[in-house]
Amino acid sequence: MKTFRLIAASFFFAAVFAVSAFAQTGASQPSGSAKIVVIDTGAFGSDKGGITKYITAMKSLDTEFTPVQTDLQSSAARIQTLAKEIQTLQDQASGGKVPVDPKAAQSKVDSYQTLQTDFKRKQEDAKAKFERRQEQLMGPVMQDIFKAMQDFATQKGYDLILDAGKLDAQQMILAYIPSKVDVTKDFITFYNSRPATTASAASPK
């Protein structure tokens, strides 16, 4: 489920990056220099040391769509097999040494084109269903993480939180981030130690 996991990850990071300026509402303006820290949201989904609730939700999403992914992989394999068979027939026809049945060859070409059309439709349907379910399942988790970031910043007295992963994606790579500025592990520990909330995802429809 790597493909679906990547879709979900990009959706999540785009939403959570809004925390970069939230401290303006959660803490008073500093009299001196602002206290700026960095959190790598890419670490939230790490199986080792990530956010438990986020990982659990992602695994649930993966499990739910495993049959869909398997079906797409089977269709893709069948298309690839037909493509090789058609190429073999074309090579035989051009070589002139092995007789080729034109009707049989055309039948394979027709099947190949039909499978391609069906595959594209299945792929689009799967993506649409995945995105809807992702919003239902991951939405409450993302909202809870966002709220936790606000609480975390207020408790620690941070004025600004930057997303290291987002900066890297925008090619704004920081050459050096002091360990005291990178509070990713601190936030994950803070979040994982919080009492479970009552927020829940809607059942698939």
# chains A, B, ... in the order shown; residues from 1 in each chain; ligands from 1
call {"tool": "select_by_dssp", "arguments": {"residues": "region 45-184 of chain A", "states": "alpha helix (DSSP H)", "output": "count of residues only"}}
result
106
call {"tool": "residues_around", "arguments": {"residues": "Val98 (chain A)", "least_positions_apart": "6", "cutoff": "10 Å", "atoms": "only C-alpha atoms", "output": "PDB file with C-alpha atoms, in the first residue's frame"}}
result
ATOM      1  CA  LEU A  89       3.179 -11.710 -32.435  1.00  0.00           C
ATOM      2  CA  ASP A  91       7.982  -9.828 -34.101  1.00  0.00           C
ATOM      3  CA  GLN A  92       6.818 -13.113 -35.608  1.00  0.00           C
TER       4      GLN A  92
END
call {"tool": "closest_residue", "arguments": {"among": "A:Tyr112, A:Phe44, A:Phe190, A:Phe119", "to": "Gln155 (chain A)", "atoms": "only C-alpha atoms"}}
result
A:Phe190
call {"tool": "closest_residue", "arguments": {"among": "A:Ile36, A:Ile51, A:Ala43, A:Leu82", "to": "Thr114 (chain A)", "atoms": "only C-alpha atoms"}}
result
A:Leu82
call {"tool": "closest_residue", "arguments": {"among": "A:Lys156, A:Lys147, A:Lys122, A:Arg133", "to": "Phe65 (chain A)", "atoms": "only C-alpha atoms"}}
result
A:Arg133
call {"tool": "residues_around", "arguments": {"residues": "Ile145 (chain A)", "least_positions_apart": "2", "cutoff": "10 Å", "atoms": "only C-alpha atoms", "output": "ChimeraX atom specification"}}
result
/A:16,19,44,51,53-54,139-143,147-151,187-188,191
call {"tool": "write_last_selection", "arguments": {"atoms": "N, CA and C atoms", "output": "PDB file, in the first residue's frame"}}
result
ATOM      1  N   VAL A  16      -1.358  20.102   7.909  1.00  0.00           N
ATOM      2  CA  VAL A  16      -0.774  20.389   9.208  1.00  0.00           C
ATOM      3  C   VAL A  16       0.227  21.539   9.174  1.00  0.00           C
ATOM      4  N   VAL A  19       0.244  25.124  11.055  1.00  0.00           N
ATOM      5  CA  VAL A  19       0.637  25.417  12.431  1.00  0.00           C
ATOM      6  C   VAL A  19       1.819  26.369  12.483  1.00  0.00           C
ATOM      7  N   PHE A  44       5.990  11.828  11.886  1.00  0.00           N
ATOM      8  CA  PHE A  44       4.752  11.402  12.542  1.00  0.00           C
ATOM      9  C   PHE A  44       4.339   9.990  12.140  1.00  0.00           C
ATOM     10  N   ILE A  51       3.837   9.085  15.790  1.00  0.00           N
ATOM     11  CA  ILE A  51       2.611   9.327  16.548  1.00  0.00           C
ATOM     12  C   ILE A  51       1.714   8.096  16.452  1.00  0.00           C
ATOM     13  N   LYS A  53      -1.391   7.332  17.248  1.00  0.00           N
ATOM     14  CA  LYS A  53      -2.741   7.458  16.690  1.00  0.00           C
ATOM     15  C   LYS A  53      -2.692   7.642  15.169  1.00  0.00           C
ATOM     16  N   TYR A  54      -1.732   8.407  14.702  1.00  0.00           N
ATOM     17  CA  TYR A  54      -1.592   8.634  13.269  1.00  0.00           C
ATOM     18  C   TYR A  54      -1.224   7.339  12.556  1.00  0.00           C
ATOM     19  N   GLY A 139      -9.090  12.881   9.086  1.00  0.00           N
ATOM     20  CA  GLY A 139      -9.493  14.233   9.467  1.00  0.00           C
ATOM     21  C   GLY A 139      -9.479  14.472  10.969  1.00  0.00           C
ATOM     22  N   PRO A 140     -10.179  13.634  11.754  1.00  0.00           N
ATOM     23  CA  PRO A 140     -10.189  13.831  13.200  1.00  0.00           C
ATOM     24  C   PRO A 140      -8.802  13.740  13.822  1.00  0.00           C
ATOM     25  N   VAL A 141      -7.961  12.864  13.287  1.00  0.00           N
ATOM     26  CA  VAL A 141      -6.605  12.708  13.814  1.00  0.00           C
ATOM     27  C   VAL A 141      -5.789  13.970  13.542  1.00  0.00           C
ATOM     28  N   MET A 142      -5.894  14.506  12.332  1.00  0.00           N
ATOM     29  CA  MET A 142      -5.150  15.718  11.980  1.00  0.00           C
ATOM     30  C   MET A 142      -5.602  16.909  12.820  1.00  0.00           C
ATOM     31  N   GLN A 143      -6.902  17.021  13.032  1.00  0.00           N
ATOM     32  CA  GLN A 143      -7.419  18.105  13.860  1.00  0.00           C
ATOM     33  C   GLN A 143      -6.899  17.994  15.289  1.00  0.00           C
ATOM     34  N   LYS A 147      -4.474  20.663  17.273  1.00  0.00           N
ATOM     35  CA  LYS A 147      -4.815  21.222  18.581  1.00  0.00           C
ATOM     36  C   LYS A 147      -3.697  20.957  19.585  1.00  0.00           C
ATOM     37  N   ALA A 148      -3.126  19.757  19.513  1.00  0.00           N
ATOM     38  CA  ALA A 148      -2.038  19.404  20.415  1.00  0.00           C
ATOM     39  C   ALA A 148      -0.825  20.297  20.181  1.00  0.00           C
ATOM     40  N   MET A 149      -0.574  20.664  18.926  1.00  0.00           N
ATOM     41  CA  MET A 149       0.544  21.558  18.623  1.00  0.00           C
ATOM     42  C   MET A 149       0.324  22.929  19.265  1.00  0.00           C
ATOM     43  N   GLN A 150      -0.918  23.376  19.228  1.00  0.00           N
ATOM     44  CA  GLN A 150      -1.225  24.657  19.868  1.00  0.00           C
ATOM     45  C   GLN A 150      -0.973  24.575  21.369  1.00  0.00           C
ATOM     46  N   ASP A 151      -1.437  23.489  21.987  1.00  0.00           N
ATOM     47  CA  ASP A 151      -1.229  23.302  23.426  1.00  0.00           C
ATOM     48  C   ASP A 151       0.256  23.173  23.752  1.00  0.00           C
ATOM     49  N   PHE A 187       7.615  16.766  20.830  1.00  0.00           N
ATOM     50  CA  PHE A 187       6.188  16.901  20.525  1.00  0.00           C
ATOM     51  C   PHE A 187       5.516  15.535  20.401  1.00  0.00           C
ATOM     52  N   ILE A 188       6.189  14.591  19.734  1.00  0.00           N
ATOM     53  CA  ILE A 188       5.609  13.255  19.576  1.00  0.00           C
ATOM     54  C   ILE A 188       5.384  12.613  20.948  1.00  0.00           C
ATOM     55  N   TYR A 191       2.444  14.341  22.524  1.00  0.00           N
ATOM     56  CA  TYR A 191       1.158  13.930  21.940  1.00  0.00           C
ATOM     57  C   TYR A 191       0.776  12.516  22.361  1.00  0.00           C
TER      58      TYR A 191
END
call {"tool": "atom_distance", "arguments": {"atom1": "CA of Thr52 (chain A)", "atom2": "CA of Lys35 (chain A)"}}
result
27.7 Å
call {"tool": "residues_around", "arguments": {"residues": "Gln134 (chain A)", "least_positions_apart": "2", "cutoff": "9 Å", "atoms": "only C-alpha atoms", "output": "count of residues only"}}
result
12
